[in-house]
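Printed here is upload.cif (mmCIF, C-alpha atoms):
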data_protein
#
loop_
_atom_site.label_atom_id
_atom_site.label_comp_id
_atom_site.auth_asym_id
_atom_site.auth_seq_id
_atom_site.Cartn_x
_atom_site.Cartn_y
_atom_site.Cartn_z
CA MET L 5 -82.35 42.51 -63.67
CA ALA L 6 -78.78 42.04 -64.68
CA SER L 7 -77.69 44.75 -62.25
CA ARG L 8 -79.37 42.91 -59.35
CA LEU L 9 -77.56 39.72 -60.25
CA LEU L 10 -74.25 41.55 -60.13
CA LEU L 11 -74.80 42.78 -56.52
CA PRO L 12 -72.27 41.40 -54.06
CA LEU L 13 -73.53 38.57 -51.89
CA SER L 14 -71.14 39.09 -48.91
CA PRO L 15 -73.51 41.29 -46.91
CA LEU L 16 -75.98 38.43 -47.03
CA ILE L 17 -73.58 35.94 -45.38
CA PRO L 18 -73.97 36.05 -41.59
CA LYS L 19 -70.84 36.74 -39.50
CA PRO L 20 -69.71 33.89 -37.25
CA LEU L 21 -70.80 34.12 -33.68
CA PHE L 22 -67.29 33.20 -32.40
CA ALA L 23 -63.83 34.22 -33.55
CA PRO L 24 -61.58 31.51 -34.95
CA ARG L 25 -60.22 29.20 -32.22
CA SER L 26 -56.60 30.21 -32.68
CA ARG L 27 -57.43 33.91 -32.35
CA PHE L 28 -59.67 33.22 -29.36
CA LEU L 29 -56.93 31.26 -27.57
CA SER L 30 -54.16 33.66 -28.46
CA SER L 31 -56.17 36.65 -27.27
CA ARG L 32 -57.37 35.16 -23.99
CA LEU L 33 -54.99 32.36 -22.81
CA PRO L 34 -51.19 32.71 -22.69
CA ILE L 35 -49.41 29.74 -24.32
CA PRO L 36 -46.60 28.51 -22.05
CA ASN L 37 -43.03 28.34 -23.43
CA PRO L 38 -41.89 24.71 -22.94
CA SER L 39 -38.18 25.61 -23.00
CA ILE L 40 -38.64 28.08 -20.14
CA SER L 41 -40.49 25.41 -18.13
CA LEU L 42 -37.82 22.79 -18.74
CA ASN L 43 -35.02 25.20 -17.88
CA ALA L 44 -36.82 26.16 -14.69
CA VAL L 45 -37.21 22.48 -13.74
CA SER L 46 -33.56 21.76 -14.58
CA LEU L 47 -32.28 24.70 -12.56
CA SER L 48 -34.49 23.90 -9.63
CA SER L 49 -33.29 20.27 -9.53
CA LEU L 50 -29.59 21.18 -9.82
CA PRO L 51 -28.95 21.71 -6.09
CA GLU L 52 -30.68 18.42 -5.32
CA LEU L 53 -28.52 16.61 -7.90
CA GLN L 54 -25.35 18.18 -6.51
CA SER L 55 -26.35 17.18 -3.00
CA THR L 56 -26.99 13.59 -4.12
CA LEU L 57 -23.60 13.37 -5.85
CA LEU L 58 -21.86 14.82 -2.79
CA ASP L 59 -23.57 12.26 -0.56
CA LEU L 60 -22.34 9.49 -2.87
CA PHE L 61 -18.73 10.71 -2.81
CA GLN L 62 -18.66 11.41 0.92
CA ALA L 63 -20.47 8.32 2.18
CA SER L 64 -18.47 7.00 5.13
CA PRO L 65 -18.01 4.12 5.37
CA PRO L 66 -18.56 3.58 1.61
CA THR L 67 -21.59 1.52 0.61
CA TRP L 68 -22.18 -0.53 -2.53
CA GLN L 69 -24.60 2.15 -3.72
CA SER L 70 -22.09 4.99 -3.20
CA SER L 71 -19.29 2.93 -4.75
CA ILE L 72 -21.22 2.08 -7.91
CA GLY L 73 -22.66 5.60 -8.22
CA SER L 74 -19.31 7.33 -7.70
CA ASN L 75 -17.59 5.09 -10.23
CA LEU L 76 -20.37 5.60 -12.75
CA VAL L 77 -20.07 9.39 -12.54
CA ILE L 78 -16.27 9.34 -12.70
CA PHE L 79 -16.14 6.84 -15.57
CA ILE L 80 -18.64 8.88 -17.63
CA LEU L 81 -16.78 12.15 -17.03
CA GLY L 82 -13.38 10.53 -17.53
CA SER L 83 -14.26 8.44 -20.58
CA PRO L 84 -12.03 10.50 -22.94
CA ILE L 85 -9.02 9.66 -20.75
CA LEU L 86 -10.04 6.04 -20.16
CA THR L 87 -10.35 5.29 -23.87
CA THR L 88 -6.74 6.36 -24.45
CA GLY L 89 -5.41 3.60 -22.21
CA LEU L 90 -8.11 0.90 -22.23
CA SER L 91 -10.21 -1.00 -24.73
CA ILE L 92 -14.00 -1.02 -24.24
CA SER L 93 -13.91 -4.42 -22.53
CA GLY L 94 -10.93 -3.19 -20.51
CA ILE L 95 -13.02 -0.26 -19.27
CA GLY L 96 -15.70 -2.73 -18.14
CA ALA L 97 -13.12 -4.69 -16.14
CA ALA L 98 -11.70 -1.45 -14.73
CA PHE L 99 -15.19 -0.41 -13.58
CA LEU L 100 -15.49 -3.60 -11.50
CA LEU L 101 -12.02 -3.00 -10.04
CA GLY L 102 -12.89 0.64 -9.27
CA THR L 103 -16.15 -0.32 -7.57
CA LEU L 104 -14.45 -2.90 -5.34
CA THR L 105 -11.67 -0.44 -4.53
CA TRP L 106 -14.09 2.34 -3.55
CA ARG L 107 -16.19 -0.03 -1.44
CA ALA L 108 -13.13 -1.30 0.45
CA PHE L 109 -10.84 1.74 0.71
CA GLY L 110 -13.00 4.73 -0.20
CA SER L 111 -12.07 7.62 -2.46
CA SER L 112 -8.39 7.59 -1.38
CA GLY L 113 -7.96 3.99 -2.57
CA PHE L 114 -9.70 4.88 -5.83
CA LEU L 115 -7.40 7.88 -6.36
CA LEU L 116 -4.38 5.62 -5.86
CA VAL L 117 -5.60 3.27 -8.62
CA ALA L 118 -6.40 6.28 -10.83
CA SER L 119 -2.83 7.58 -10.30
CA TYR L 120 -1.46 4.17 -11.28
CA PHE L 121 -3.59 4.19 -14.43
CA VAL L 122 -2.51 7.68 -15.51
CA LEU L 123 1.20 7.05 -14.88
CA GLY L 124 1.12 3.56 -16.42
CA THR L 125 -0.66 4.83 -19.54
CA ALA L 126 1.81 7.71 -19.87
CA VAL L 127 4.90 5.46 -19.89
CA THR L 128 3.19 2.95 -22.18
CA LYS L 129 2.57 5.69 -24.77
CA LEU L 130 6.19 6.88 -24.72
CA LYS L 131 7.76 6.35 -28.17
CA ILE L 132 4.83 4.10 -29.10
CA ALA L 133 5.62 4.36 -32.83
CA GLN L 134 9.19 3.17 -32.22
CA LYS L 135 7.96 0.27 -30.08
CA GLU L 136 5.43 -0.73 -32.74
CA ALA L 137 8.14 -0.69 -35.41
CA MET L 138 10.26 -2.98 -33.19
CA GLY L 139 7.27 -5.25 -32.54
CA VAL L 140 7.44 -4.82 -28.74
CA ALA L 141 4.56 -2.36 -28.18
CA GLU L 142 1.36 -3.17 -26.32
CA LYS L 143 -1.42 -4.27 -28.66
CA ARG L 144 -4.18 -1.87 -29.78
CA GLY L 145 -1.81 1.10 -29.73
CA GLY L 146 -1.08 0.71 -26.02
CA ARG L 147 -4.73 0.30 -25.00
CA ARG L 148 -4.93 -2.56 -22.51
CA GLY L 149 -7.68 -5.15 -22.56
CA PRO L 150 -9.56 -7.00 -19.80
CA GLY L 151 -6.84 -9.65 -19.42
CA SER L 152 -4.28 -7.01 -18.57
CA VAL L 153 -6.68 -5.20 -16.21
CA VAL L 154 -7.57 -8.40 -14.36
CA GLY L 155 -3.92 -9.47 -14.20
CA SER L 156 -2.89 -6.07 -12.88
CA GLY L 157 -5.72 -5.76 -10.37
CA MET L 158 -6.30 -9.32 -9.16
CA ALA L 159 -4.12 -9.07 -6.04
CA GLY L 160 -5.61 -5.67 -5.23
CA CYS L 161 -9.13 -7.08 -5.67
CA VAL L 162 -8.34 -9.92 -3.27
CA CYS L 163 -7.15 -7.40 -0.67
CA ALA L 164 -10.30 -5.34 -1.28
CA LEU L 165 -12.58 -8.36 -0.81
CA LEU L 166 -10.74 -9.38 2.39
CA THR L 167 -11.34 -5.84 3.68
CA ILE L 168 -15.00 -5.69 2.62
CA PHE L 169 -15.85 -8.96 4.38
CA GLY L 170 -13.73 -8.11 7.42
CA ILE L 171 -11.51 -11.19 7.22
CA GLY L 172 -9.19 -11.14 10.22
CA GLY L 173 -11.00 -8.20 11.81
CA GLU L 174 -9.33 -4.92 12.71
CA ALA L 175 -6.01 -6.67 13.38
CA PHE L 176 -5.62 -7.54 9.69
CA ALA L 177 -7.35 -4.52 8.12
CA GLY L 178 -4.08 -2.57 7.95
CA LEU L 179 -2.30 -5.52 6.34
CA TRP L 180 -4.91 -5.83 3.58
CA ARG L 181 -4.63 -2.09 2.91
CA LEU L 182 -0.82 -2.39 2.77
CA GLY L 183 -1.09 -5.36 0.39
CA PHE L 184 -3.44 -3.34 -1.82
CA VAL L 185 -0.95 -0.46 -2.08
CA ALA L 186 1.99 -2.83 -2.63
CA SER L 187 0.18 -4.57 -5.49
CA PHE L 188 -0.12 -1.36 -7.51
CA CYS L 189 3.40 -0.19 -6.60
CA THR L 190 4.66 -3.51 -7.94
CA LYS L 191 2.64 -3.25 -11.14
CA LEU L 192 3.59 0.37 -11.86
CA SER L 193 7.25 -0.44 -11.23
CA ASP L 194 7.02 -3.37 -13.64
CA THR L 195 5.23 -1.29 -16.30
CA ALA L 196 7.67 1.62 -16.02
CA SER L 197 10.77 -0.57 -16.15
CA SER L 198 9.45 -2.50 -19.15
CA GLU L 199 8.17 0.49 -21.17
CA ILE L 200 11.10 2.83 -20.37
CA GLY L 201 13.53 0.00 -21.10
CA LYS L 202 11.92 -0.65 -24.51
CA ALA L 203 11.89 3.06 -25.33
CA TYR L 204 15.26 4.26 -23.97
CA GLY L 205 17.27 1.21 -22.88
CA LYS L 206 20.66 1.06 -24.60
CA THR L 207 21.55 -2.51 -23.67
CA ALA L 208 19.24 -5.29 -22.43
CA TYR L 209 20.44 -8.33 -20.48
CA LEU L 210 18.87 -11.62 -19.43
CA VAL L 211 18.88 -11.81 -15.63
CA THR L 212 19.71 -15.53 -15.72
CA ASN L 213 23.10 -15.24 -17.46
CA PHE L 214 23.50 -11.53 -18.37
CA GLN L 215 23.51 -12.36 -22.05
CA VAL L 216 22.90 -9.31 -24.24
CA VAL L 217 19.54 -9.59 -26.01
CA PRO L 218 17.27 -7.29 -28.07
CA ARG L 219 15.07 -4.82 -26.19
CA GLY L 220 11.65 -6.26 -25.37
CA THR L 221 12.91 -9.83 -24.89
CA GLU L 222 11.02 -11.66 -22.15
CA GLY L 223 13.01 -11.55 -18.92
CA ALA L 224 15.42 -8.91 -20.17
CA VAL L 225 16.36 -5.90 -18.04
CA SER L 226 18.18 -2.63 -18.73
CA VAL L 227 19.78 -0.06 -16.46
CA GLU L 228 17.41 2.66 -17.71
CA GLY L 229 14.32 0.50 -17.18
CA THR L 230 15.42 -0.72 -13.74
CA VAL L 231 16.04 2.84 -12.50
CA ALA L 232 12.70 4.00 -13.92
CA GLY L 233 10.87 1.13 -12.21
CA PHE L 234 12.52 1.93 -8.88
CA PHE L 235 11.51 5.60 -8.98
CA ALA L 236 8.00 4.70 -10.20
CA SER L 237 7.44 2.57 -7.09
CA ILE L 238 8.74 5.41 -4.89
CA LEU L 239 6.39 7.86 -6.60
CA LEU L 240 3.28 5.72 -6.13
CA SER L 241 4.25 4.93 -2.52
CA ALA L 242 4.57 8.67 -1.90
CA ILE L 243 1.12 9.23 -3.40
CA ALA L 244 -0.28 6.48 -1.16
CA PHE L 245 1.34 8.15 1.86
CA ASN L 246 -0.15 11.55 0.96
CA LEU L 247 -3.56 9.93 0.55
CA GLY L 248 -3.28 8.40 4.02
CA GLU L 249 -3.20 4.80 2.78
CA VAL L 250 0.21 3.97 4.32
CA ASP L 251 2.73 5.51 6.70
CA ILE L 252 6.40 6.07 5.82
CA PRO L 253 7.73 2.66 7.02
CA GLN L 254 4.93 0.94 5.08
CA ALA L 255 5.75 3.00 1.97
CA VAL L 256 9.36 1.80 2.23
CA VAL L 257 8.10 -1.78 2.57
CA CYS L 258 6.06 -1.36 -0.62
CA VAL L 259 9.11 -0.13 -2.56
CA ILE L 260 11.36 -2.98 -1.37
CA ALA L 261 8.70 -5.65 -2.00
CA SER L 262 8.02 -4.32 -5.51
CA GLN L 263 11.70 -4.48 -6.50
CA ILE L 264 12.12 -8.04 -5.24
CA ALA L 265 8.94 -9.10 -7.05
CA ASN L 266 10.04 -7.45 -10.30
CA PHE L 267 13.40 -9.23 -10.21
CA ALA L 268 11.59 -12.52 -9.62
CA GLU L 269 9.28 -11.78 -12.57
CA SER L 270 12.24 -11.10 -14.86
CA TYR L 271 13.85 -14.37 -13.76
CA ILE L 272 10.65 -16.33 -14.44
CA GLY L 273 10.29 -14.64 -17.83
CA ALA L 274 13.86 -15.46 -18.84
CA ALA L 275 13.90 -19.02 -17.46
CA LEU L 276 10.40 -20.31 -18.19
CA GLN L 277 8.30 -18.08 -20.45
CA ASP L 278 7.91 -19.36 -24.04
CA LYS L 279 9.68 -22.58 -23.03
CA GLU L 280 8.44 -26.14 -23.65
CA GLY L 281 5.71 -27.06 -21.18
CA PHE L 282 5.13 -23.44 -20.12
CA GLN L 283 3.05 -22.17 -23.03
CA TRP L 284 0.34 -21.17 -20.51
CA LEU L 285 2.79 -18.73 -18.92
CA ASN L 286 1.82 -15.66 -20.97
CA ASN L 287 2.29 -12.02 -19.96
CA ASP L 288 -1.00 -11.86 -18.05
CA ALA L 289 -0.11 -14.97 -16.02
CA VAL L 290 3.36 -13.59 -15.26
CA ASN L 291 1.72 -10.31 -14.19
CA VAL L 292 -0.46 -12.15 -11.68
CA ILE L 293 2.57 -13.98 -10.26
CA ASN L 294 4.62 -10.77 -10.09
CA ILE L 295 1.97 -8.63 -8.39
CA SER L 296 0.90 -11.41 -6.02
CA THR L 297 4.54 -11.84 -5.00
CA GLY L 298 4.90 -8.13 -4.26
CA THR L 299 1.67 -8.12 -2.27
CA ILE L 300 2.51 -11.19 -0.18
CA LEU L 301 6.07 -10.00 0.44
CA ALA L 302 4.83 -6.62 1.69
CA VAL L 303 2.38 -8.24 4.10
CA LEU L 304 5.03 -10.69 5.41
CA MET L 305 7.65 -7.93 5.77
CA GLN L 306 5.18 -5.79 7.70
CA GLU L 307 4.37 -8.69 10.03
CA VAL L 308 8.08 -9.30 10.69
CA LEU L 309 8.60 -5.59 11.29
CA LEU L 310 5.67 -5.39 13.71
CA GLN L 311 6.87 -8.45 15.64
CA SER L 312 10.42 -7.12 15.89
CA LEU L 313 9.15 -3.76 17.18
CA SER L 314 6.88 -5.43 19.75
CA GLN L 315 9.76 -7.42 21.29
#

Could I get this file's structure written as structure tokens?
Amino acid sequence: MASRLLLPLSPLIPKPLFAPRSRFLSSRLPIPNPSISLNAVSLSSLPELQSTLLDLFQASPPTWQSSIGSNLVIFILGSPILTTGLSISGIGAAFLLGTLTWRAFGSSGFLLVASYFVLGTAVTKLKIAQKEAMGVAEKRGGRRGPGSVVGSGMAGCVCALLTIFGIGGEAFAGLWRLGFVASFCTKLSDTASSEIGKAYGKTAYLVTNFQVVPRGTEGAVSVEGTVAGFFASILLSAIAFNLGEVDIPQAVVCVIASQIANFAESYIGAALQDKEGFQWLNNDAVNVINISTGTILAVLMQEVLLQSLSQ
């Protein structure tokens, strides 16, 4: 009796009719690898993505869609460089400027502005620690904010808008393009002369009376800074020529206009800035006056040159 009770009961338990679900599935249905599927989808969509990006960059004439898309791609890829020279709000303002530029003048106009940004940032960063110790460096370690971007690009934006809306028709299209180039030649010349002068200038003078003043004084100029500003305007004019934005006579016009405008800016800075009744005349306001002067002068000089050649 006891021996019967000790018999194993397992033979009495019926075997299941079906194998466990996991074994059934693993033995009959292959389980797809999601990573392989995703990689396949990604690789298959790569040519289409490349084609879309190429269409954006090569759209001629540029559209708002191609301008925004191209800027978005470039700003994302170039963010490490942008953050070295601009604050976050400054990048936002630069994106608007870049979009307008691309819409009006295409990729060549955008490359001109990009060249200005790279060169301007480079001279601003020169001896930045020394400038900070002297109290004459740009704020935020040389990273410019939206006020500086708007002040630097306002004249160029006006020229871009005049081009986009076809003001003056084909007869004026070349003038607006010239004004656009002159605006950035003027600004780069101003930035280079100021930053090189603060970094390497031995003696600074007020343009109103040639009184010797400390480096970084508003309206002060130095030989080193003036020479640097002159060659900076030549360099950007040469870049504009190589990009097909201007011809050689127009490049010369841009250089001359930028130097006259920069002298006028130094005079305004020395005579009016920080004076009673002119508290509103800060650096950004002076920038707008300076760059607008260079732009208008270039357009007027070109008109005079065209009229003299036609006679």

Closest pair table for segment 101-135 of chain L residues within 10 Å of segment 242-254 of chain L, all atoms listed in the file, as a Markdown table:
| residue | atom | partner | partner_atom | distance |
| --- | --- | --- | --- | --- |
| L:Phe109 | CA | L:Glu249 | CA | 8.5 |
| L:Ser111 | CA | L:Leu247 | CA | 9.3 |
| L:Ser112 | CA | L:Leu247 | CA | 5.7 |
| L:Gly113 | CA | L:Glu249 | CA | 7.2 |
| L:Leu115 | CA | L:Leu247 | CA | 8.2 |
| L:Leu116 | CA | L:Ala244 | CA | 6.3 |
| L:Val117 | CA | L:Ala244 | CA | 9.7 |
| L:Ser119 | CA | L:Ile243 | CA | 8.1 |
| L:Tyr120 | CA | L:Ile243 | CA | 9.7 |

Could you name the residues that touch Ala232 of chain L at 12 Å or less, counting all atoms listed in the file, but leaving out those on the same chain fewer than 4 positions away, as JSON, numbers by chain?
{"L": [123, 124, 127, 192, 193, 194, 195, 196, 197, 198, 199, 200, 201, 202, 203, 204, 205, 225, 226, 227, 228, 236, 237, 238, 239, 263]}

Could you jot down the atom CA of Asn266 of chain L to atom CA of Thr128 of chain L separation for me, Å, one decimal place?
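Atom CA of Asn266 of chain L sits 17.2 Å away from atom CA of Thr128 of chain L.
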
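Restricting the calculation to all atoms listed in the file, the smallest distance between Pro218 of chain L and any of L:Val140, L:Phe176, L:Val256, L:Thr167 is found for L:Val140.
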
Point to revise | Residue neighbourhood Lys129 of chain L, 9 Å, all atoms listed in the file, exclusion window fewer than 4 positions, as a PyMOL selection string | key: chain L and resi 89+124-125+133+141+145-146+199

Ground truth for the PyMOL selection byres ((chain L and resi 209) around 9), written as a PyMOL selection string | chain L and resi 207-208+210-219+221+223-226

Where does the PyMOL selection byres ((chain L and resi 293) around 10) land in this file, that is, which residues does it pick, as a PyMOL selection string? chain L and resi 155-156+159+265-266+268-269+272+285+287-292+294-299

query: Within 8 Å of Leu179 of chain L, counting all atoms listed in the file, which residues qualify if same-chain residues fewer than 4 places away don't, as a list in words?
result: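 That gives Gly183, Val303 and Gln306 of chain L.
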
Here atom CA of Val257 of chain L and atom CA of Thr103 of chain L stand apart by 26.3 Å

* To do: To one decimal in Å, tell me the separation between atom CA of Phe188 of chain L and atom CA of Asn75 of chain L.
  =>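 About the pair atom CA of Phe188 of chain L and atom CA of Asn75 of chain L: they are 18.8 Å apart.
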
Exercise for review: Measuring atom to atom with all atoms listed in the file, identify which of L:Ala98, L:Leu90, L:Ala274, L:Leu301 is nearest to Arg144 of chain L.
Suggested key: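 Closest to Arg144 of chain L, using all atoms listed in the file: L:Leu90.
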
_Here is a test: counting only C-alpha atoms, which residue of L:Thr67, L:Ile264, L:Gln283, L:Phe121 is nearest to Ile168 of chain L?_
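Closest to Ile168 of chain L of all the choices is L:Thr67.
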
Picked residues, the PyMOL selection byres ((chain L and resi 160-162) around 7), expected as a list in words
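Given this file, the PyMOL selection byres ((chain L and resi 160-162) around 7) evaluates to Leu101, Leu104, Gly157, Met158, Ala159, Cys163, Ala164, Leu165, Leu166, Phe184 and Ser187 of chain L.
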
Need the shell around Glu222 of chain L: protein/DNA/RNA residues with any atom at most 8 Å away, counting all atoms listed in the file. Skip same-chain ones fewer than 5 positions apart. Format as a PyMOL selection string?
chain L and resi 270+273-274+277

With 5 Å added on each side, what axis-aligned box encloses every listed atom of segment 99-118 of chain L? Give the centre and edge lengths in Å to one decimal, as AutoDock Vina command-line options.
--center_x -10.3 --center_y 2.1 --center_z -6.4 --size_x 21.8 --size_y 21.5 --size_z 24.3
